[in-house]
Structure formats: structure tokens, C-alpha cells
$ cat start34.txt   # compact mmCIF, C-alpha atoms
# COMPACT_ATOMS: atom_id res chain seq x y z
CA MET V 1 -43.24 86.56 -63.33
CA SER V 2 -44.38 87.69 -59.94
CA ARG V 3 -43.70 90.80 -57.98
CA SER V 4 -41.82 90.69 -54.72
CA PRO V 5 -43.96 89.40 -51.80
CA GLY V 6 -46.15 91.96 -50.13
CA ARG V 7 -47.64 93.27 -53.37
CA LYS V 8 -50.95 91.82 -54.41
CA GLN V 9 -50.47 90.05 -57.67
CA GLU V 10 -53.57 89.85 -59.78
CA ASN V 11 -53.00 88.96 -63.36
CA HIS V 12 -55.96 90.62 -64.94
CA LYS V 13 -55.66 90.60 -68.68
CA ILE V 14 -56.94 93.57 -70.56
CA SER V 15 -57.84 93.29 -74.20
CA ARG V 16 -55.18 94.22 -76.68
CA GLU V 17 -57.75 95.97 -78.85
CA LEU V 18 -58.75 98.23 -75.98
CA PHE V 19 -55.15 99.19 -75.36
CA VAL V 20 -54.39 99.83 -79.02
CA LEU V 21 -57.59 101.82 -79.49
CA THR V 22 -56.84 103.86 -76.36
CA TYR V 23 -53.40 104.71 -77.64
CA GLY V 24 -54.84 105.61 -81.03
CA ALA V 25 -57.45 107.85 -79.43
CA LEU V 26 -54.70 109.56 -77.47
CA VAL V 27 -52.68 110.31 -80.58
CA ALA V 28 -55.75 111.40 -82.54
CA GLN V 29 -56.77 113.76 -79.75
CA LEU V 30 -53.28 115.27 -79.59
CA CYS V 31 -53.43 115.79 -83.34
CA LYS V 32 -56.63 117.75 -82.86
CA GLU V 33 -55.07 119.88 -80.14
CA TYR V 34 -51.70 120.61 -81.73
CA GLU V 35 -51.24 121.85 -85.25
CA LYS V 36 -47.58 120.97 -85.62
CA ASP V 37 -46.33 117.40 -85.73
CA GLU V 38 -43.33 118.38 -83.61
CA ASP V 39 -45.64 119.48 -80.81
CA VAL V 40 -47.54 116.22 -80.88
CA ASN V 41 -44.29 114.27 -80.88
CA ALA V 42 -42.98 116.29 -77.93
CA CYS V 43 -46.19 115.74 -76.01
CA LEU V 44 -46.09 112.00 -76.62
CA ASP V 45 -42.48 111.94 -75.48
CA ARG V 46 -43.33 113.80 -72.27
CA MET V 47 -46.19 111.44 -71.53
CA GLY V 48 -43.96 108.49 -72.19
CA TYR V 49 -41.34 109.90 -69.89
CA SER V 50 -43.92 110.22 -67.15
CA ILE V 51 -44.84 106.57 -67.66
CA GLY V 52 -41.25 105.41 -67.87
CA ILE V 53 -40.11 106.88 -64.56
CA ARG V 54 -42.89 104.89 -62.91
CA LEU V 55 -42.82 101.78 -65.00
CA ILE V 56 -39.18 101.06 -64.23
CA ASP V 57 -39.98 100.05 -60.66
CA ASP V 58 -42.67 97.70 -61.82
CA PHE V 59 -40.25 96.25 -64.32
CA LEU V 60 -37.44 95.77 -61.83
CA ALA V 61 -39.79 94.20 -59.30
CA ARG V 62 -41.25 91.81 -61.81
CA SER V 63 -38.18 90.80 -63.69
CA ALA V 64 -35.76 90.59 -60.76
CA VAL V 65 -32.87 91.13 -63.13
CA LYS V 66 -29.38 91.83 -62.04
CA LYS V 67 -27.79 95.20 -62.66
CA CYS V 68 -26.61 95.55 -66.22
CA ARG V 69 -22.90 95.91 -66.53
CA SER V 70 -22.73 97.48 -69.92
CA TYR V 71 -24.78 99.55 -72.34
CA SER V 72 -25.03 96.52 -74.52
CA GLU V 73 -26.58 94.46 -71.74
CA THR V 74 -28.97 97.29 -71.04
CA ALA V 75 -30.10 97.47 -74.64
CA ASP V 76 -30.62 93.72 -74.70
CA MET V 77 -32.59 93.93 -71.48
CA ILE V 78 -34.89 96.59 -72.93
CA ALA V 79 -35.52 94.61 -76.08
CA GLN V 80 -35.70 91.07 -74.80
CA VAL V 81 -37.25 91.51 -71.37
CA ALA V 82 -39.05 94.85 -71.17
CA PHE V 83 -40.59 94.96 -74.62
CA LYS V 84 -41.57 91.33 -74.26
CA MET V 85 -43.16 91.93 -70.88
CA TYR V 86 -45.18 94.99 -71.80
CA LEU V 87 -45.85 94.76 -75.50
CA GLY V 88 -45.37 91.09 -76.21
CA VAL V 89 -42.81 91.72 -78.92
CA THR V 90 -39.04 91.33 -79.02
CA PRO V 91 -37.21 93.83 -81.18
CA SER V 92 -33.78 92.88 -82.41
CA VAL V 93 -30.82 94.85 -81.12
CA SER V 94 -27.83 96.12 -83.01
CA CYS V 95 -24.97 98.32 -81.96
CA ASN V 96 -24.49 101.36 -84.12
CA SER V 97 -21.18 102.79 -83.06
CA VAL V 98 -17.63 101.82 -82.27
CA THR V 99 -17.89 103.81 -79.07
CA GLY V 100 -20.48 101.28 -77.95
CA ASN V 101 -23.07 103.74 -76.77
CA LYS V 102 -25.47 103.80 -79.71
CA PHE V 103 -27.97 101.04 -80.26
CA SER V 104 -30.91 100.32 -82.48
CA LEU V 105 -34.02 98.36 -81.71
CA ILE V 106 -35.62 97.08 -84.86
CA LEU V 107 -39.31 96.42 -84.39
CA ASP V 108 -40.67 93.78 -86.66
CA LYS V 109 -44.12 93.86 -85.16
CA ASN V 110 -45.58 96.81 -83.34
CA PRO V 111 -48.95 96.27 -81.69
CA LEU V 112 -49.51 100.01 -81.25
CA VAL V 113 -49.97 100.46 -85.00
CA ASP V 114 -52.25 97.46 -85.49
CA PHE V 115 -55.02 99.50 -87.05
CA VAL V 116 -53.06 102.38 -88.53
CA GLU V 117 -52.38 101.80 -92.20
CA GLU V 118 -50.47 104.97 -92.83
CA LEU V 119 -50.17 108.45 -91.47
CA PRO V 120 -52.65 111.04 -92.72
CA ALA V 121 -51.19 113.19 -95.46
CA GLU V 122 -51.16 116.29 -93.28
CA ARG V 123 -49.26 114.45 -90.53
CA ALA V 124 -46.21 113.29 -92.41
CA SER V 125 -43.76 114.04 -89.59
CA LEU V 126 -45.79 112.48 -86.83
CA CYS V 127 -43.91 109.92 -84.76
CA TYR V 128 -46.97 107.88 -83.93
CA CYS V 129 -45.26 105.73 -81.29
CA ASN V 130 -43.17 108.47 -79.75
CA LEU V 131 -44.60 107.55 -76.38
CA LEU V 132 -42.29 104.55 -76.42
CA CYS V 133 -39.22 106.76 -76.72
CA GLY V 134 -40.27 108.73 -73.67
CA VAL V 135 -40.92 105.55 -71.72
CA ILE V 136 -37.45 104.21 -72.44
CA ARG V 137 -35.81 107.55 -71.67
CA GLY V 138 -37.69 107.94 -68.37
CA ALA V 139 -37.03 104.39 -67.28
CA LEU V 140 -33.31 104.67 -67.99
CA GLU V 141 -33.06 107.95 -66.16
CA MET V 142 -34.38 106.34 -63.00
CA VAL V 143 -31.55 103.86 -63.08
CA HIS V 144 -29.11 106.69 -63.59
CA LEU V 145 -28.55 106.24 -67.27
CA ALA V 146 -29.01 109.30 -69.41
CA ALA V 147 -30.01 108.56 -72.97
CA GLU V 148 -31.47 110.08 -76.07
CA VAL V 149 -34.17 107.94 -77.60
CA SER V 150 -35.87 108.58 -80.90
CA PHE V 151 -37.28 106.92 -83.95
CA LEU V 152 -34.67 106.60 -86.67
CA GLN V 153 -36.97 104.86 -89.12
CA ASP V 154 -40.71 104.35 -89.18
CA ARG V 155 -42.73 101.99 -91.35
CA LEU V 156 -45.67 104.35 -91.05
CA LYS V 157 -43.59 106.97 -92.81
CA GLY V 158 -42.70 104.62 -95.60
CA ASP V 159 -39.38 103.34 -94.30
CA ALA V 160 -38.52 99.70 -94.64
CA VAL V 161 -38.41 99.03 -90.92
CA THR V 162 -39.30 100.67 -87.65
CA GLU V 163 -36.14 101.50 -85.76
CA ILE V 164 -35.73 103.10 -82.33
CA GLY V 165 -32.31 104.58 -81.67
CA ILE V 166 -30.93 104.72 -78.13
CA THR V 167 -27.84 106.83 -77.50
CA PHE V 168 -26.41 106.47 -74.04
CA LEU V 169 -24.91 109.76 -72.94
CA ARG V 170 -21.78 109.69 -70.86
CA LYS V 171 -22.27 111.73 -67.74
CA PRO V 172 -19.53 114.12 -66.57
CA GLU V 173 -19.11 112.06 -63.35
CA ASP V 174 -17.97 109.07 -65.39
CA ARG V 175 -14.91 110.89 -66.54
CA LYS V 176 -14.01 111.79 -62.97
CA HIS V 177 -14.10 108.14 -61.89
CA ARG V 178 -11.91 107.05 -64.74
CA ARG V 179 -9.07 109.26 -63.69
CA ASN V 180 -8.66 107.27 -60.46
CA SER B 1 -67.92 91.12 -119.97
CA ARG B 2 -68.67 90.29 -116.43
CA GLN B 3 -69.41 93.00 -114.00
CA CYS B 4 -69.53 93.05 -110.30
CA GLY B 5 -69.55 95.77 -107.75
CA LEU B 6 -69.72 96.57 -104.12
CA LEU B 7 -71.17 99.35 -102.08
CA CYS B 8 -70.54 100.03 -98.43
CA SER B 9 -72.88 102.59 -97.00
CA GLN B 10 -74.59 104.10 -94.04
CA ASN B 11 -76.97 106.57 -95.62
CA TYR B 12 -74.64 107.56 -98.38
CA PRO B 13 -71.90 105.57 -100.03
CA LEU B 14 -68.66 105.26 -98.14
CA TYR B 15 -67.10 103.04 -100.76
CA ILE B 16 -68.09 102.00 -104.26
CA ARG B 17 -66.13 99.77 -106.52
CA SER B 18 -67.07 98.22 -109.81
CA VAL B 19 -65.19 96.11 -112.28
CA PRO B 20 -64.90 96.72 -115.21
CA THR B 21 -65.64 100.39 -115.29
CA GLU B 22 -67.68 100.64 -118.44
CA ASN B 23 -71.43 101.04 -117.81
CA GLU B 24 -70.43 102.52 -114.52
CA LEU B 25 -73.34 104.92 -114.37
CA LYS B 26 -75.91 102.18 -114.84
CA PHE B 27 -74.13 100.13 -112.26
CA HIS B 28 -74.10 102.94 -109.74
CA TYR B 29 -77.81 103.40 -110.30
CA THR B 30 -78.47 99.72 -109.62
CA VAL B 31 -76.41 99.88 -106.48
CA HIS B 32 -78.14 103.00 -105.17
CA THR B 33 -81.63 101.65 -105.72
CA SER B 34 -80.53 98.50 -103.92
CA LEU B 35 -80.17 100.52 -100.75
CA ASP B 36 -83.89 101.18 -100.82
CA VAL B 37 -84.53 97.48 -101.20
CA VAL B 38 -82.27 96.82 -98.22
CA ASP B 39 -84.30 99.23 -96.12
CA GLU B 40 -87.52 97.62 -97.26
CA LYS B 41 -86.29 94.17 -96.42
CA ILE B 42 -85.10 95.21 -92.99
CA SER B 43 -88.44 96.73 -92.06
CA ALA B 44 -90.24 93.74 -93.53
CA MET B 45 -88.32 91.27 -91.40
CA GLY B 46 -89.01 93.38 -88.35
CA LYS B 47 -88.30 92.04 -84.90
CA ALA B 48 -86.74 88.80 -86.06
CA LEU B 49 -83.69 90.67 -87.26
CA VAL B 50 -83.14 92.60 -84.07
CA ASP B 51 -82.13 89.42 -82.30
CA GLN B 52 -79.53 88.41 -84.81
CA ARG B 53 -76.06 89.86 -84.70
CA GLU B 54 -75.49 90.08 -88.40
CA LEU B 55 -78.03 90.35 -91.14
CA TYR B 56 -77.23 88.57 -94.31
CA LEU B 57 -80.14 89.57 -96.45
CA GLY B 58 -79.42 87.27 -99.31
CA LEU B 59 -80.55 87.93 -102.83
CA LEU B 60 -82.33 91.25 -102.79
CA TYR B 61 -83.71 91.12 -106.27
CA PRO B 62 -82.67 89.74 -109.58
CA THR B 63 -82.73 91.90 -112.65
CA GLU B 64 -82.13 90.57 -116.10
CA ASP B 65 -78.52 91.68 -115.95
CA TYR B 66 -77.60 91.48 -112.31
CA LYS B 67 -78.11 89.67 -109.06
CA VAL B 68 -77.99 91.92 -106.06
CA TYR B 69 -77.10 90.74 -102.57
CA GLY B 70 -77.38 92.65 -99.34
CA TYR B 71 -75.96 92.58 -95.84
CA VAL B 72 -76.49 94.88 -92.88
CA THR B 73 -74.46 95.10 -89.71
CA ASN B 74 -76.00 95.71 -86.33
CA SER B 75 -74.43 99.15 -86.53
CA LYS B 76 -76.62 99.86 -89.58
CA VAL B 77 -73.86 99.75 -92.17
CA LYS B 78 -75.15 98.33 -95.42
CA PHE B 79 -73.16 96.31 -97.87
CA VAL B 80 -74.50 95.67 -101.33
CA MET B 81 -72.90 93.32 -103.81
CA VAL B 82 -73.88 93.28 -107.46
CA VAL B 83 -72.94 90.30 -109.55
CA ASP B 84 -73.48 89.52 -113.21
CA SER B 85 -76.50 87.29 -113.76
CA SER B 86 -74.37 85.04 -115.92
CA ASN B 87 -72.35 84.05 -112.88
CA THR B 88 -74.28 81.00 -111.78
CA ALA B 89 -71.42 79.30 -110.00
CA LEU B 90 -71.54 81.59 -107.00
CA ARG B 91 -73.14 79.92 -104.01
CA ASP B 92 -75.00 81.50 -101.14
CA ASN B 93 -72.46 80.50 -98.50
CA GLU B 94 -69.66 81.98 -100.59
CA ILE B 95 -71.48 85.29 -100.75
CA ARG B 96 -72.13 85.10 -97.03
CA SER B 97 -68.46 84.58 -96.25
CA MET B 98 -67.48 87.43 -98.56
CA PHE B 99 -69.81 89.76 -96.71
CA ARG B 100 -68.31 88.61 -93.45
CA LYS B 101 -64.81 89.40 -94.76
CA LEU B 102 -66.00 92.83 -95.80
CA HIS B 103 -67.50 93.38 -92.39
CA ASN B 104 -64.22 92.44 -90.72
CA SER B 105 -62.22 94.76 -92.95
CA TYR B 106 -64.69 97.54 -92.30
CA THR B 107 -64.23 96.97 -88.57
CA ASP B 108 -60.47 97.35 -88.99
CA ILE B 109 -61.02 100.67 -90.72
CA MET B 110 -63.26 101.82 -87.89
CA CYS B 111 -60.42 101.05 -85.49
CA ASN B 112 -58.06 103.39 -87.32
CA PRO B 113 -57.75 106.39 -85.00
CA PHE B 114 -57.42 108.72 -87.98
CA TYR B 115 -60.59 107.51 -89.64
CA ASN B 116 -63.68 109.54 -88.79
CA PRO B 117 -66.91 107.56 -89.00
CA GLY B 118 -68.83 108.81 -92.02
CA ASP B 119 -65.71 109.60 -94.05
CA ARG B 120 -65.29 108.01 -97.43
CA ILE B 121 -63.12 104.96 -97.16
CA HIS B 122 -59.58 105.33 -98.50
CA SER B 123 -57.67 102.26 -97.46
CA ARG B 124 -55.16 100.22 -99.37
CA ALA B 125 -55.89 97.17 -97.28
CA PHE B 126 -59.60 97.45 -98.02
CA ASP B 127 -58.93 97.98 -101.73
CA THR B 128 -56.68 94.92 -101.83
CA MET B 129 -59.27 92.77 -100.13
CA VAL B 130 -62.04 93.98 -102.43
CA ASN B 131 -59.86 93.47 -105.50
CA SER B 132 -59.10 89.88 -104.61
CA MET B 133 -62.78 89.28 -103.92
CA MET B 134 -63.78 90.70 -107.25
CA MET B 135 -61.28 88.57 -109.07
CA GLN B 136 -62.93 85.58 -107.49
CA VAL B 137 -66.35 86.60 -108.60
CA CYS B 138 -65.95 88.28 -111.95
$ encode --input "start34.txt" --output "C-alpha cells"
Amino acid sequence: MSRSPGRKQENHKISRELFVLTYGALVAQLCKEYEKDEDVNACLDRMGYSIGIRLIDDFLARSAVKKCRSYSETADMIAQVAFKMYLGVTPSVSCNSVTGNKFSLILDKNPLVDFVEELPAERASLCYCNLLCGVIRGALEMVHLAAEVSFLQDRLKGDAVTEIGITFLRKPEDRKHRRN
Amino acid sequence: SRQCGLLCSQNYPLYIRSVPTENELKFHYTVHTSLDVVDEKISAMGKALVDQRELYLGLLYPTEDYKVYGYVTNSKVKFVMVVDSSNTALRDNEIRSMFRKLHNSYTDIMCNPFYNPGDRIHSRAFDTMVNSMMMQVC
């Protein structure tokens, strides 16, 4: 996996522990600054969005993938290429609707929660990995795909699996094109 | 009945577990006084210890009922293990590896972003590990 020529490619590896601890410190700090879980979740989402709009270019340069022709291809791309590239895990993808615009990524392993056993009692609604939702949303927006991304299930909250839901939103322009 | 127990402490206990729970008070007393012995042993060994990364202190002192083992990390966290004197099958390297497992589990707890150093330890994973260890020993 190399970037397009002209960009210096140095594959420095950074320790996984450092990354996971940094993320944990970020969430813990936000929990100190915001009383409500919803505020922390929103903040994580905003940060993720800010990362996503930038990360997409790195992703496209490194993966040299062709344009996805369907929402289904896009969801597969996110799970099998992007997640693998950045987090080293490959969630499984399933389609949730007949309209073909709702997908679920089921995360079997999630490195971000390596050291978190469970959420503190006073933080029951915290979406610990909400940053990921923002990243996906931001990245998709930069390739002109509007989507809602959120955690549908979370092992940290006691659910059986960790599930990220992606709902691709049809833009008004799409309907215009279809008429022709 | 066999008894064994474990204490994980900095200057005050972060985690105490004993099995079975009768005679708990006497057991807690033994465990607390062991901390003083740990401190004594550390200062007695002096400079030699500073160079080592982990400090397995071995058998701290035998009483007629118990054998007490100690271990200190380079971050000054003390682990004390109390085992029934009647348990003669337990070997030194087994104790050493148990302490190392405890140390690793403690490190995992430290990495939990919601755990504040100095808090009492409430962790299912730690409990599970300690339980299985105690079943081995008791």
C-alpha cells in the first residue's frame, strides 16, 4: 500500500497501546468536561467528522480503489478496506433494508476498547467509540455521499455485539436525475 | 479448610480477596502486617533491587498457619499472597508466575481510561483471574 508518487512514504509504526491509551484519555477528558453523555457523544462525533473529512484523501490515495457504484459496494469498502487499513479489523457487513440504503457493520473486535471493561455506572449512555461514526460520516461526505452513522448496539453497554449503522441519505439532486 | 488471600496495595489496599471468608479478620490482619515486612525487605535489599525491573520478594515470613509471599513492582505497587501452611505442593516458580500474572492484570486495569490510580479495584476480569488462581492454590 503506497501513496501516489510525490508523497514521502515512511511507514513508521506507532504502538497500538499508545493509540488506544490516547483515545481513552480523550474520552475520559471529555467525560470530565461534559456532564451529559449526549454532549460527550456529540463532541466525539464532531471530532471524528473533522478527522474523516481529512482521512478520506489519505484513504483514496493509499487504496487506489475505483469509484463505488452502489451503496453496498461503499459499505463493503468501508468495512473491508478502510477499517482494515486503519484499525486492523474487518467488520462484517449486512444490509438492513429493502431500499438498500441501510447497512450494519458488526465489529467483532474493536481495538479502541482494549482496556475498557465496561462503562462507568454514571456513563450508561456514553457511546465510547462515537469518534468512528463521525469519521465515517465525514469521509463519506467528502465523496458526496450523505449518511447518518451511529451505534445501534454496543458491547460496552451490555449488548451482544457492537454494531455501527450507516444510513445513506438520498439527496434531492438524485431525484432530479432520475426523471431524465 | 484451606485459606489463601491476596492483597494489592500502594499504601493502602486497592484489592483484598480471601477464600474462604471465615477468619477473615485474622487474615486481613496478617495481610496488613505483611506490608510492613515488604517495606522492611525492600529497604534491606537496598540498591540491588533498584536495578531489577520486578521484585519478587519470595517468602516474607512463615507463621504457624500461613506462608506469606511478597512482590513489588517498580511503580511501588505491592502484592502480598497468603497461603495456608499446609499447602506444601506450591513451588517458588509457580508463585513467581502467579505474581507476574497479577502484575499484568494490574497493568491492564491501569490502562482503563476510567480507572483513577489509587481507586479501589473493581474489575470483573481481575476478579476472574484471581478466582482461578485461588482455585489452583487453595
$ residues_around --input "start34.txt" --residues "V:Ser70" --least-positions-apart "5" --cutoff "10 Å" --atoms "only C-alpha atoms" --output "list in words"
Ala75, Asp76, Gly100 and Asn101 of chain V
$ closest_atom_pairs --input "start34.txt" --of "chain B" --to "chain V" --cutoff "6 Å" --atoms "only C-alpha atoms" --output "Markdown table"
| residue | atom | partner | partner_atom | distance |
| --- | --- | --- | --- | --- |
| B:Cys111 | CA | V:Phe115 | CA | 5.8 |
| B:Asn112 | CA | V:Phe115 | CA | 4.9 |
| B:Pro113 | CA | V:Gly24 | CA | 5.0 |
$ atom_distance --input "start34.txt" --atom1 "atom CA of B:Met134" --atom2 "atom CA of B:Asn93"
16.0 Å
$ residues_near_point --input "start34.txt" --point "(-34.3, 106.8, -84.4)" --cutoff "9 Å" --atoms "all atoms listed in the file" --output "list in words"
Ser104, Leu105, Val149, Ser150, Phe151, Leu152, Gln153, Asp154, Thr162, Glu163, Ile164, Gly165 and Ile166 of chain V
$ residues_around --input "start34.txt" --residues "B:His28" --least-positions-apart "2" --cutoff "10 Å" --atoms "only C-alpha atoms" --output "ChimeraX atom specification"
/B:5-7,16-18,23-26,30-34,82
$ residues_around --input "start34.txt" --residues "B:Cys8" --least-positions-apart "2" --cutoff "6 Å" --atoms "all atoms listed in the file" --output "list in words"
Pro13, Leu14, Tyr15, Lys78 and Phe79 of chain B
$ atom_distance --input "start34.txt" --atom1 "atom CA of V:Ala160" --atom2 "atom CA of V:Asp108"
10.2 Å
$ closest_residue --input "start34.txt" --among "B:Ile95, B:Ile109, B:Leu90, B:Met81" --to "B:His122" --atoms "all atoms listed in the file"
B:Ile109
$ residues_around --input "start34.txt" --residues "B:Met98" --least-positions-apart "6" --cutoff "12 Å" --atoms "all atoms listed in the file" --output "list in words"
Leu6, Tyr56, Gly58, Tyr69, Gly70, Tyr71, Phe79, Val80, Met81, Leu90, Arg91, Asp92, Asn104, Ser105, Met129, Val130, Asn131, Ser132, Met133, Met134, Gln136 and Val137 of chain B
$ write_last_selection --input "start34.txt" --atoms "C-alpha atoms" --output "PDB file, keeping the file's coordinate frame"
ATOM      1  CA  LEU B   6     -69.720  96.570-104.120  1.00  0.00           C
ATOM      2  CA  TYR B  56     -77.230  88.570 -94.310  1.00  0.00           C
ATOM      3  CA  GLY B  58     -79.420  87.270 -99.310  1.00  0.00           C
ATOM      4  CA  TYR B  69     -77.100  90.740-102.570  1.00  0.00           C
ATOM      5  CA  GLY B  70     -77.380  92.650 -99.340  1.00  0.00           C
ATOM      6  CA  TYR B  71     -75.960  92.580 -95.840  1.00  0.00           C
ATOM      7  CA  PHE B  79     -73.160  96.310 -97.870  1.00  0.00           C
ATOM      8  CA  VAL B  80     -74.500  95.670-101.330  1.00  0.00           C
ATOM      9  CA  MET B  81     -72.900  93.320-103.810  1.00  0.00           C
ATOM     10  CA  LEU B  90     -71.540  81.590-107.000  1.00  0.00           C
ATOM     11  CA  ARG B  91     -73.140  79.920-104.010  1.00  0.00           C
ATOM     12  CA  ASP B  92     -75.000  81.500-101.140  1.00  0.00           C
ATOM     13  CA  ASN B 104     -64.220  92.440 -90.720  1.00  0.00           C
ATOM     14  CA  SER B 105     -62.220  94.760 -92.950  1.00  0.00           C
ATOM     15  CA  MET B 129     -59.270  92.770-100.130  1.00  0.00           C
ATOM     16  CA  VAL B 130     -62.040  93.980-102.430  1.00  0.00           C
ATOM     17  CA  ASN B 131     -59.860  93.470-105.500  1.00  0.00           C
ATOM     18  CA  SER B 132     -59.100  89.880-104.610  1.00  0.00           C
ATOM     19  CA  MET B 133     -62.780  89.280-103.920  1.00  0.00           C
ATOM     20  CA  MET B 134     -63.780  90.700-107.250  1.00  0.00           C
ATOM     21  CA  GLN B 136     -62.930  85.580-107.490  1.00  0.00           C
ATOM     22  CA  VAL B 137     -66.350  86.600-108.600  1.00  0.00           C
TER      23      VAL B 137
END
$ closest_residue --input "start34.txt" --among "V:Lys157, V:Arg137, V:Arg123, V:His12" --to "V:Glu38" --atoms "only C-alpha atoms"
V:Arg123
$ axis_aligned_box --input "start34.txt" --around "stretch 119-126 of chain V" --padding-each-side "8 Å" --output "lines of an AutoDock Vina configuration file"
center_x = -48.2
center_y = 112.4
center_z = -91.1
size_x = 24.9
size_y = 23.8
size_z = 24.6
$ atom_distance --input "start34.txt" --atom1 "atom CA of V:Leu18" --atom2 "atom CA of V:Val135"
19.7 Å
$ residues_around --input "start34.txt" --residues "B:Ser85" --least-positions-apart "2" --cutoff "9 Å" --atoms "all atoms listed in the file" --output "PyMOL selection string"
chain B and resi 2+62-67+83+87-88
$ write_last_selection --input "start34.txt" --atoms "C-alpha atoms" --output "PDB file, in the coordinates of the input"
ATOM      1  CA  ARG B   2     -68.670  90.290-116.430  1.00  0.00           C
ATOM      2  CA  PRO B  62     -82.670  89.740-109.580  1.00  0.00           C
ATOM      3  CA  THR B  63     -82.730  91.900-112.650  1.00  0.00           C
ATOM      4  CA  GLU B  64     -82.130  90.570-116.100  1.00  0.00           C
ATOM      5  CA  ASP B  65     -78.520  91.680-115.950  1.00  0.00           C
ATOM      6  CA  TYR B  66     -77.600  91.480-112.310  1.00  0.00           C
ATOM      7  CA  LYS B  67     -78.110  89.670-109.060  1.00  0.00           C
ATOM      8  CA  VAL B  83     -72.940  90.300-109.550  1.00  0.00           C
ATOM      9  CA  ASN B  87     -72.350  84.050-112.880  1.00  0.00           C
ATOM     10  CA  THR B  88     -74.280  81.000-111.780  1.00  0.00           C
TER      11      THR B  88
END
$ residues_near_point --input "start34.txt" --point "(-71.6, 92.8, -92.4)" --cutoff "6 Å" --atoms "all atoms listed in the file" --output "list of chain:residue names"
B:Tyr71, B:Val72, B:Thr73, B:Phe99, B:Arg100, B:His103
